[in-house]
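I have placed the structure first, in the form of structure tokens, so that the comments after it can refer back to it.
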Amino acid sequence: MSKLVVFSPDHATARRRFREAVLRLGWSLESHSIGAVGPDGEELAFDVGCSREGDPEKVLVVSSGVHGVEGFFGSAVQVALLEQWASSSPPPIQCVFLHGLNPFGFAWLRRFDEHNVDPNRNFLLAGEAFEGVDEGYARHDAFLNPRRPPARWEPFTLKALWLIARYGMPALRQAVAGGQYRYPRGLFFGGAGPSRMQKLLGENLPRWLKGSQRVVHLDFHTGLGPWGGCKLLIDYPLKERQRGWLTEWFGADSFEACESRDISYDAKGGFGRWCVSRGLAPEYLFACAEFGTYGPVQVLAGLRAENQAHHWGSPVAASTLRAKARLKELFCPASEAWRSQVIERSLELVGRAQRGLLAADPGGIEPVLPKSSG
Ligand SMILES: [Zn+2]
């Protein structure tokens with residue numbers, strides 16, 4: 001099978017292919033409507049495929065499209081896995097595939113959902129408030145979120161480079177992309193309350209993971225890091241044994257924990273931290289599998305232009321269509337070399353997770369590594 005045919009040209013095609021591949025394997029399939037429509041008036045929903053056989057105590061969760069447009073890549077990974085398993089056989093563990101979790105963003109070519117919420121800033125824990133903004137973000141709100149459609153030429157890059165020179169890339173990235181709860185039409189808005197996606201997942205995850213003892217959850221993303229590279233990002237404090245598994249299964253350089261940020265930033269409201277905090281299984285190892293595309297200034301310029309077009313432009317204006325097509329390219333490059341490389345790496349990553357799950361001690365709750373004293 002060519003690695004390239006698994007990429008779909010639009011959300012409706014991605015859904016159809018995912019659903020067909022799930023049914024071909026004899027898995028159960030369900031859909032959850034989000035109460036919004038796509039560009040052709042179609043009802044938008046995310047799909048969930050669950051294997052029926054395999055050890056229910058060991059569960060592999062693969063999710064895609066939390067950030068809408070990034071679903072073009074994540075969906076391709078899921079379809080590639082399902083097709084691979086249809087021609088060989090699925091792993092002897094329970095599999096739960098969450099496809100296109102933010103169908104609005106996927107269908108309308110945006111990162112954010114139907115309420116302009118960044119889902120990965122929305123998963124707040126009990127006691128956390130949907131409020132606050134980094135003062136660096138607030139200071140540059142007018143630059144980040146212009147109240148007008150995008151122009152053909154925006155002096156974005158110059159200003160962005162000046163800001164990077166002034167504040168440094170890590171500080172700027174943290175301020176801008178760390179999430180904000182003040183500007184509902186702005187970039188990286190975390191919402192005013194739990195999103196539909198969060199509610200649907202909160203209601204259904206206990207059922208999908210029923211009987212699980214150990215869950216490994218890979219959530220596929222793009223847009224951070226070097227071209228075609230992959231990093232597992234962890235947004236919650238790792239226990240020693242979780243660190244041990246990550247090191248043993250994927251390699252010591254494969255992951256970045258939240259206390260040692262290199263390419264990413266700390267954000268409140270992450271999907272991973274929320275999943276591991278819910279007591280869904282005695283062991284829940286979550287990693288955001290992040291694949292690099294273009295550089296951070298280009299990606300931010302693309303997000304900004306699409307957000308301008310979405311809120312302040314006409315849906316049929318050439319500038320809107322251009323901004324959305326550009327965003328798709330930024331998060332799922334058309335390059336055959338990139339596509340082939342990321343699919344190969346993703347299959348390898350899932351293979352490692354699967355072997356790790358199978359090899360891990362079924363008792364599972366004792367520390368693998370000795371705890372350091374003090
Ligand atoms: Zn993402």
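Just so we're on the same page: first chain in the structure tokens is A, next is B, and so on; residues restart at 1 for each chain, and ligands are numbered from 1 in the order they show up.
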
Exercise. So which residues are near ligand 1, meaning at most 10 Å away with only C-alpha atoms and all ligand atoms counted, given back as a ChimeraX atom specification?
Worked result: /A:64-71,111-112,118-120,219-224,288-291,331

For this session: Pick out each residue of range 8-100 of chain A that DSSP on the backbone tags as strand (DSSP E); I need them as a PyMOL selection string.
Result: chain A and resi 28-37+43-50+55-64+93-99

Can those selected residues be exported to a file as a tab-separated table (two decimals), in the first residue's frame so that it contains N, CA, C and O atoms?
```
chain	number	residue	atom	x	y	z
A	28	SER	N	-16.58	-2.18	16.28
A	28	SER	CA	-17.81	-1.40	16.47
A	28	SER	C	-17.53	0.05	16.07
A	28	SER	O	-16.38	0.52	16.15
A	29	LEU	N	-18.57	0.71	15.62
A	29	LEU	CA	-18.42	2.08	15.12
A	29	LEU	C	-19.54	2.93	15.68
A	29	LEU	O	-20.70	2.51	15.68
A	30	GLU	N	-19.20	4.10	16.18
A	30	GLU	CA	-20.25	5.03	16.60
A	30	GLU	C	-19.85	6.45	16.22
A	30	GLU	O	-18.68	6.74	16.00
A	31	SER	N	-20.84	7.35	16.13
A	31	SER	CA	-20.56	8.74	15.78
A	31	SER	C	-21.20	9.64	16.82
A	31	SER	O	-22.25	9.30	17.37
A	32	HIS	N	-20.59	10.77	17.03
A	32	HIS	CA	-21.11	11.74	17.99
A	32	HIS	C	-21.22	13.10	17.32
A	32	HIS	O	-20.22	13.74	17.00
A	33	SER	N	-22.46	13.53	17.13
A	33	SER	CA	-22.72	14.79	16.44
A	33	SER	C	-22.37	15.97	17.34
A	33	SER	O	-22.57	15.93	18.55
A	34	ILE	N	-21.82	17.03	16.72
A	34	ILE	CA	-21.47	18.21	17.52
A	34	ILE	C	-22.48	19.34	17.34
A	34	ILE	O	-22.31	20.44	17.86
A	35	GLY	N	-23.52	19.10	16.56
A	35	GLY	CA	-24.56	20.13	16.39
A	35	GLY	C	-24.12	21.29	15.52
A	35	GLY	O	-24.55	22.42	15.72
A	36	ALA	N	-23.26	21.04	14.55
A	36	ALA	CA	-22.84	22.08	13.59
A	36	ALA	C	-22.74	21.43	12.22
A	36	ALA	O	-22.71	20.20	12.11
A	37	VAL	N	-22.71	22.25	11.19
A	37	VAL	CA	-22.63	21.70	9.84
A	37	VAL	C	-21.33	22.10	9.14
A	37	VAL	O	-20.69	23.08	9.50
A	43	GLU	N	-23.95	17.30	8.30
A	43	GLU	CA	-23.89	17.26	9.75
A	43	GLU	C	-22.48	16.84	10.18
A	43	GLU	O	-21.92	15.89	9.64
A	44	LEU	N	-21.94	17.53	11.16
A	44	LEU	CA	-20.58	17.22	11.60
A	44	LEU	C	-20.58	16.35	12.85
A	44	LEU	O	-21.35	16.59	13.78
A	45	ALA	N	-19.70	15.36	12.85
A	45	ALA	CA	-19.61	14.43	13.97
A	45	ALA	C	-18.20	13.88	14.02
A	45	ALA	O	-17.48	13.91	13.04
A	46	PHE	N	-17.83	13.38	15.21
A	46	PHE	CA	-16.59	12.58	15.23
A	46	PHE	C	-16.96	11.11	15.35
A	46	PHE	O	-18.04	10.76	15.82
A	47	ASP	N	-16.06	10.25	14.91
A	47	ASP	CA	-16.32	8.81	14.85
A	47	ASP	C	-15.39	8.07	15.80
A	47	ASP	O	-14.25	8.50	16.02
A	48	VAL	N	-15.89	6.97	16.32
A	48	VAL	CA	-15.10	6.16	17.25
A	48	VAL	C	-15.18	4.70	16.82
A	48	VAL	O	-16.28	4.16	16.65
A	49	GLY	N	-14.02	4.10	16.63
A	49	GLY	CA	-13.96	2.67	16.30
A	49	GLY	C	-13.32	1.91	17.45
A	49	GLY	O	-12.27	2.33	17.96
A	50	CYS	N	-13.95	0.83	17.88
A	50	CYS	CA	-13.40	0.02	18.99
A	50	CYS	C	-13.29	-1.43	18.53
A	50	CYS	O	-14.26	-2.00	18.01
A	55	ASP	N	-7.17	-8.31	24.46
A	55	ASP	CA	-7.14	-8.20	25.91
A	55	ASP	C	-7.75	-6.85	26.35
A	55	ASP	O	-7.19	-5.79	26.07
A	56	PRO	N	-8.92	-6.86	27.03
A	56	PRO	CA	-9.56	-5.59	27.39
A	56	PRO	C	-8.81	-4.82	28.48
A	56	PRO	O	-9.08	-3.65	28.72
A	57	GLU	N	-7.85	-5.50	29.13
A	57	GLU	CA	-7.10	-4.81	30.19
A	57	GLU	C	-6.04	-3.88	29.62
A	57	GLU	O	-5.61	-2.95	30.28
A	58	LYS	N	-5.59	-4.19	28.39
A	58	LYS	CA	-4.56	-3.37	27.76
A	58	LYS	C	-5.18	-2.64	26.59
A	58	LYS	O	-5.66	-3.26	25.65
A	59	VAL	N	-5.16	-1.33	26.66
A	59	VAL	CA	-5.87	-0.56	25.65
A	59	VAL	C	-4.94	0.43	24.95
A	59	VAL	O	-4.21	1.19	25.61
A	60	LEU	N	-5.02	0.41	23.64
A	60	LEU	CA	-4.30	1.40	22.84
A	60	LEU	C	-5.33	2.40	22.32
A	60	LEU	O	-6.26	2.03	21.61
A	61	VAL	N	-5.18	3.66	22.70
A	61	VAL	CA	-6.06	4.71	22.20
A	61	VAL	C	-5.27	5.55	21.20
A	61	VAL	O	-4.14	5.97	21.49
A	62	VAL	N	-5.84	5.75	20.02
A	62	VAL	CA	-5.22	6.61	19.01
A	62	VAL	C	-6.24	7.67	18.65
A	62	VAL	O	-7.34	7.35	18.21
A	63	SER	N	-5.89	8.94	18.89
A	63	SER	CA	-6.85	10.02	18.59
A	63	SER	C	-6.28	10.99	17.57
A	63	SER	O	-5.07	11.18	17.47
A	64	SER	N	-7.19	11.60	16.82
A	64	SER	CA	-6.79	12.54	15.77
A	64	SER	C	-7.71	13.74	15.74
A	64	SER	O	-8.85	13.68	16.19
A	93	ILE	N	-4.79	-6.65	21.65
A	93	ILE	CA	-5.18	-5.78	22.76
A	93	ILE	C	-6.42	-5.02	22.32
A	93	ILE	O	-6.76	-5.02	21.14
A	94	GLN	N	-7.07	-4.36	23.26
A	94	GLN	CA	-8.23	-3.54	22.91
A	94	GLN	C	-7.74	-2.26	22.23
A	94	GLN	O	-6.79	-1.63	22.71
A	95	CYS	N	-8.37	-1.88	21.12
A	95	CYS	CA	-8.01	-0.62	20.44
A	95	CYS	C	-9.20	0.31	20.41
A	95	CYS	O	-10.33	-0.12	20.12
A	96	VAL	N	-8.96	1.57	20.71
A	96	VAL	CA	-10.01	2.59	20.64
A	96	VAL	C	-9.47	3.73	19.77
A	96	VAL	O	-8.47	4.36	20.13
A	97	PHE	N	-10.11	3.95	18.63
A	97	PHE	CA	-9.66	5.00	17.72
A	97	PHE	C	-10.68	6.14	17.73
A	97	PHE	O	-11.85	5.95	17.37
A	98	LEU	N	-10.22	7.31	18.12
A	98	LEU	CA	-11.07	8.51	18.15
A	98	LEU	C	-10.69	9.34	16.93
A	98	LEU	O	-9.57	9.85	16.84
A	99	HIS	N	-11.62	9.46	15.99
A	99	HIS	CA	-11.29	10.07	14.69
A	99	HIS	C	-11.90	11.47	14.54
A	99	HIS	O	-13.10	11.65	14.69
```

Problem set entry | Best match for closeness to Leu280 in chain A among A:Asp134, A:Asp235, A:Glu240, A:Glu203, counting only C-alpha atoms |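 Among the listed residues, the smallest separation from Leu280 in chain A belongs to A:Glu203.
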
Exercise. Which residue gives the smallest distance to Arg147 in chain A among A:Gln180, A:Gln78, A:Ser277, A:Asn307, with only C-alpha atoms counted?
Worked result: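 The answer is A:Asn307, which sits nearest to Arg147 in chain A.
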
For this session: Excluding Arg278 in chain A and residues on its chain fewer than 2 positions from it, collect all residues at most 10 Å away from it, counting only C-alpha atoms, and give them as a ChimeraX atom specification.
Result: /A:125,202,205-206,273-276,280-281,284

Can you write out the residues you just picked, keeping N, CA, C and O atoms, as a short mmCIF file (atom, residue, chain, number, x, y, z; two decimals), in the first residue's frame?
```cif
data_model
loop_
_atom_site.label_atom_id
_atom_site.label_comp_id
_atom_site.auth_asym_id
_atom_site.auth_seq_id
_atom_site.Cartn_x
_atom_site.Cartn_y
_atom_site.Cartn_z
N LEU A 125 -9.06 21.28 34.71
CA LEU A 125 -9.37 20.34 35.78
C LEU A 125 -10.32 21.02 36.77
O LEU A 125 -10.47 22.24 36.77
N GLY A 202 -15.97 13.10 28.17
CA GLY A 202 -16.17 12.82 29.60
C GLY A 202 -17.27 11.80 29.82
O GLY A 202 -17.17 10.92 30.68
N LEU A 205 -15.77 8.14 27.54
CA LEU A 205 -14.48 7.45 27.75
C LEU A 205 -14.58 6.32 28.78
O LEU A 205 -14.02 5.25 28.56
N PRO A 206 -15.33 6.50 29.90
CA PRO A 206 -15.41 5.38 30.85
C PRO A 206 -15.98 4.11 30.21
O PRO A 206 -15.55 3.01 30.53
N ARG A 273 -3.38 15.89 30.19
CA ARG A 273 -3.42 16.06 31.64
C ARG A 273 -4.82 15.72 32.16
O ARG A 273 -4.99 15.13 33.22
N TRP A 274 -5.83 16.09 31.38
CA TRP A 274 -7.23 15.82 31.75
C TRP A 274 -7.49 14.31 31.74
O TRP A 274 -8.06 13.76 32.69
N CYS A 275 -7.05 13.64 30.66
CA CYS A 275 -7.28 12.18 30.56
C CYS A 275 -6.64 11.44 31.74
O CYS A 275 -7.27 10.58 32.34
N VAL A 276 -5.38 11.78 32.05
CA VAL A 276 -4.69 11.00 33.09
C VAL A 276 -5.24 11.32 34.48
O VAL A 276 -5.05 10.55 35.41
N LEU A 280 -9.45 6.83 34.75
CA LEU A 280 -10.08 5.95 33.76
C LEU A 280 -9.47 4.56 33.78
O LEU A 280 -10.10 3.59 33.36
N ALA A 281 -8.22 4.46 34.25
CA ALA A 281 -7.52 3.18 34.34
C ALA A 281 -6.43 3.34 35.39
O ALA A 281 -5.95 4.46 35.60
N TYR A 284 -2.45 5.21 33.02
CA TYR A 284 -2.85 5.92 31.80
C TYR A 284 -1.65 6.72 31.31
O TYR A 284 -1.30 7.74 31.89
#
```
